Structure formats: C-alpha cells, structure tokens
Amino acid sequence: MGGKMNQNQSLYDEIGGQETVNQLVDEFYPRVYEDEELKPLFEGNDIEEIKRKQRMFLPQFLGGPTFYSDEFGPPAMPSRHQTFEITLKQAECWLNCMKEALKAIDLYDTPAGQEFYEKLTKVAPLMVSRQETN
C-alpha cells in the first residue's frame with residue numbers, strides 16, 4: 001500500500017509541524033463556534049484560550065513535542081471533558097468540523113491527513129458522556 005508515513009518521522013512532522021497545526025486550529029474553531037450542536041458546549045469559553053490549548057495538544061497527539069503535558073500534565077482527554085455532557089451527535093459534528101478544517105488547509109486528501117483524521121475518529125467517541133434524548 002503506497003503513501004505510508006516515513007517510519008522515522010512523526011505524524012506531526014509529516015503534516016508540516018506547528019505551522020500546519022496553527023492553520024488547522026484557526027480553521028477549526030470558527031466552525032465549532034458556528035455549529036448549532038456544538039455552540040452550547042463552548043459558550044462562555046474564551047476561544048483564544050481553547051485554541052492555545054489545542055495548538056499545544058495536537059502536536060503531542062500526533063507524536064510531536066509535548067507542549068500540552070509540559071504545561072498541564074497528561075492529556076487524559078476523556079476525564080478533562082467529563083464536565084461537559086457530550087452526545088454522539090456532537091462528537092460527529094466535532095469530527096465534521098475537523099474534516100472541513102482539514103480540507104480547508106488541503107490536508108484531508110493526503111496520506112498523513114487521512115491518518116490524522118482516522119486517529120480523531122477513534123478518539124471522538126471516547127468523549128461522549130451523555131445519551132441522546134428525543
């Protein structure tokens with residue numbers, strides 16, 4: 001199968017490092033704040049602080065520098081998101097916002113972009129803490 005990452009390079013390096021992470025975060029969060037399902041989870045939170053943390057977390061998530069752990073300790077993302085009631089639909093909306101952001105920076109259709117998105121699809125369901133109610 002072609003397009004596999006260089007084994008000596010992290011996915012972080014493969015996507016273009018911090019510059020790409022910064023572009024992705026800047027494309028991603030406006031989408032999140034505009035999404036009707038996600039808006040309630042983020043209201044009242046400082047978008048710049050959330051973006052700052054994401055810029056620190058994603059490098060570590062992708063095998064790069066441990067900026068996030070250096071400042072906040074181990075990511076432990078499910079427990080950090082426990083205070084929010086996140087539904088499966090919201091997790092899916094979050095993933096869709098990330099897919100659109102990856103597309104906006106021309107990363108989604110690359111092997112590294114696909115691997116990155118695949119990692120996110122495995123993590124998003126772990127954040128779900130509330131069943132849908134109809």
# chains A, B, ... in the order shown; residues from 1 in each chain; ligands from 1

call {"tool": "residues_around", "arguments": {"residues": "stretch 49-60 of chain A", "least_positions_apart": "4", "cutoff": "12 Å", "atoms": "only C-alpha atoms", "output": "PyMOL selection string"}}
result
chain A and resi 10-30+32-33+41-45+64-77+116-117+119-120

call {"tool": "write_last_selection", "arguments": {"atoms": "N, CA and C atoms", "output": "compact mmCIF listing (two decimals), in the first residue's frame"}}
result
# COMPACT_ATOMS: atom_id res chain seq x y z
N SER A 10 7.41 11.58 12.75
CA SER A 10 6.11 11.57 13.43
C SER A 10 5.04 12.10 12.47
N LEU A 11 3.81 11.78 12.79
CA LEU A 11 2.69 12.31 12.00
C LEU A 11 2.69 13.85 12.09
N TYR A 12 3.09 14.37 13.23
CA TYR A 12 3.23 15.83 13.41
C TYR A 12 4.16 16.41 12.35
N ASP A 13 5.33 15.80 12.18
CA ASP A 13 6.27 16.28 11.16
C ASP A 13 5.72 16.04 9.76
N GLU A 14 5.07 14.91 9.59
CA GLU A 14 4.54 14.54 8.28
C GLU A 14 3.51 15.56 7.76
N ILE A 15 2.70 16.11 8.67
CA ILE A 15 1.68 17.07 8.23
C ILE A 15 2.25 18.48 8.04
N GLY A 16 3.44 18.73 8.55
CA GLY A 16 4.04 20.06 8.39
C GLY A 16 4.30 20.78 9.69
N GLY A 17 4.22 20.07 10.81
CA GLY A 17 4.59 20.65 12.10
C GLY A 17 3.64 21.73 12.61
N GLN A 18 4.19 22.61 13.43
CA GLN A 18 3.39 23.59 14.15
C GLN A 18 2.66 24.56 13.22
N GLU A 19 3.28 24.92 12.13
CA GLU A 19 2.62 25.84 11.20
C GLU A 19 1.29 25.26 10.71
N THR A 20 1.30 23.98 10.37
CA THR A 20 0.07 23.33 9.91
C THR A 20 -0.94 23.21 11.05
N VAL A 21 -0.46 22.85 12.24
CA VAL A 21 -1.35 22.76 13.41
C VAL A 21 -2.03 24.11 13.64
N ASN A 22 -1.27 25.19 13.58
CA ASN A 22 -1.83 26.53 13.79
C ASN A 22 -2.90 26.85 12.75
N GLN A 23 -2.62 26.53 11.49
CA GLN A 23 -3.60 26.77 10.42
C GLN A 23 -4.87 25.97 10.67
N LEU A 24 -4.69 24.71 11.05
CA LEU A 24 -5.84 23.83 11.30
C LEU A 24 -6.70 24.38 12.44
N VAL A 25 -6.08 24.75 13.54
CA VAL A 25 -6.81 25.28 14.69
C VAL A 25 -7.57 26.55 14.29
N ASP A 26 -6.94 27.41 13.50
CA ASP A 26 -7.59 28.65 13.07
C ASP A 26 -8.77 28.39 12.12
N GLU A 27 -8.72 27.31 11.38
CA GLU A 27 -9.85 26.93 10.51
C GLU A 27 -10.94 26.19 11.30
N PHE A 28 -10.52 25.43 12.29
CA PHE A 28 -11.42 24.54 13.02
C PHE A 28 -12.36 25.28 13.97
N TYR A 29 -11.82 26.14 14.83
CA TYR A 29 -12.65 26.69 15.90
C TYR A 29 -13.77 27.63 15.44
N PRO A 30 -13.59 28.45 14.41
CA PRO A 30 -14.75 29.21 13.94
C PRO A 30 -15.89 28.27 13.49
N VAL A 32 -16.55 25.30 14.78
CA VAL A 32 -17.12 24.77 16.02
C VAL A 32 -18.08 25.79 16.64
N TYR A 33 -17.65 27.04 16.72
CA TYR A 33 -18.46 28.08 17.35
C TYR A 33 -19.69 28.42 16.53
N LEU A 41 -21.71 23.90 23.96
CA LEU A 41 -20.58 23.39 24.73
C LEU A 41 -19.49 24.43 24.92
N PHE A 42 -19.43 25.41 24.02
CA PHE A 42 -18.33 26.38 24.02
C PHE A 42 -18.72 27.77 24.48
N GLU A 43 -20.03 28.03 24.63
CA GLU A 43 -20.48 29.35 25.05
C GLU A 43 -19.85 29.72 26.38
N GLY A 44 -19.39 30.96 26.46
CA GLY A 44 -18.80 31.43 27.70
C GLY A 44 -17.33 31.08 27.86
N ASN A 45 -16.78 30.32 26.92
CA ASN A 45 -15.36 29.96 26.98
C ASN A 45 -14.57 30.83 26.01
N GLY A 64 4.48 14.56 18.20
CA GLY A 64 5.47 15.64 18.21
C GLY A 64 5.77 16.10 19.63
N PRO A 65 6.15 17.37 19.77
CA PRO A 65 6.52 17.92 21.07
C PRO A 65 5.39 17.82 22.10
N THR A 66 5.78 17.71 23.36
CA THR A 66 4.83 17.52 24.45
C THR A 66 4.45 18.84 25.13
N PHE A 67 4.16 19.85 24.33
CA PHE A 67 3.82 21.16 24.87
C PHE A 67 2.68 21.08 25.89
N TYR A 68 1.65 20.29 25.57
CA TYR A 68 0.46 20.22 26.43
C TYR A 68 0.82 19.63 27.79
N SER A 69 1.45 18.46 27.80
CA SER A 69 1.82 17.81 29.06
C SER A 69 2.78 18.66 29.87
N ASP A 70 3.67 19.37 29.17
CA ASP A 70 4.64 20.21 29.87
C ASP A 70 3.93 21.27 30.72
N GLU A 71 2.80 21.78 30.24
CA GLU A 71 2.08 22.82 30.99
C GLU A 71 0.96 22.28 31.86
N PHE A 72 0.24 21.26 31.37
CA PHE A 72 -0.98 20.83 32.06
C PHE A 72 -0.93 19.42 32.63
N GLY A 73 0.14 18.69 32.39
CA GLY A 73 0.20 17.29 32.80
C GLY A 73 -0.39 16.41 31.72
N PRO A 74 -0.51 15.11 31.99
CA PRO A 74 -1.01 14.18 30.97
C PRO A 74 -2.36 14.62 30.41
N PRO A 75 -2.55 14.46 29.08
CA PRO A 75 -3.79 14.93 28.47
C PRO A 75 -5.06 14.34 29.08
N ALA A 76 -5.13 13.01 29.26
CA ALA A 76 -6.31 12.37 29.86
C ALA A 76 -7.60 13.03 29.37
N MET A 77 -7.75 13.09 28.04
CA MET A 77 -8.84 13.87 27.45
C MET A 77 -10.24 13.45 27.89
N PHE A 116 -4.29 11.19 10.23
CA PHE A 116 -4.65 12.12 11.29
C PHE A 116 -6.15 12.04 11.56
N TYR A 117 -6.96 12.13 10.51
CA TYR A 117 -8.41 12.08 10.68
C TYR A 117 -8.85 10.75 11.27
N LYS A 119 -7.19 8.85 13.32
CA LYS A 119 -6.90 8.92 14.76
C LYS A 119 -8.00 9.67 15.50
N LEU A 120 -8.47 10.76 14.91
CA LEU A 120 -9.52 11.55 15.55
C LEU A 120 -10.83 10.78 15.63

call {"tool": "closest_residue", "arguments": {"among": "A:Asp46, A:Arg31, A:Pro40, A:Val128", "to": "A:Thr87", "atoms": "only C-alpha atoms"}}
result
A:Val128

call {"tool": "closest_atom_pairs", "arguments": {"of": "stretch 28-58 of chain A", "to": "stretch 88-95 of chain A", "cutoff": "8 Å", "atoms": "only C-alpha atoms", "output": "tab-separated table"}}
result
residue	atom	partner	partner_atom	distance
A:Val32	CA	A:Trp94	CA	6.9
A:Asp35	CA	A:Cys93	CA	7.6
A:Glu37	CA	A:Gln90	CA	5.8
A:Leu38	CA	A:Gln90	CA	6.1
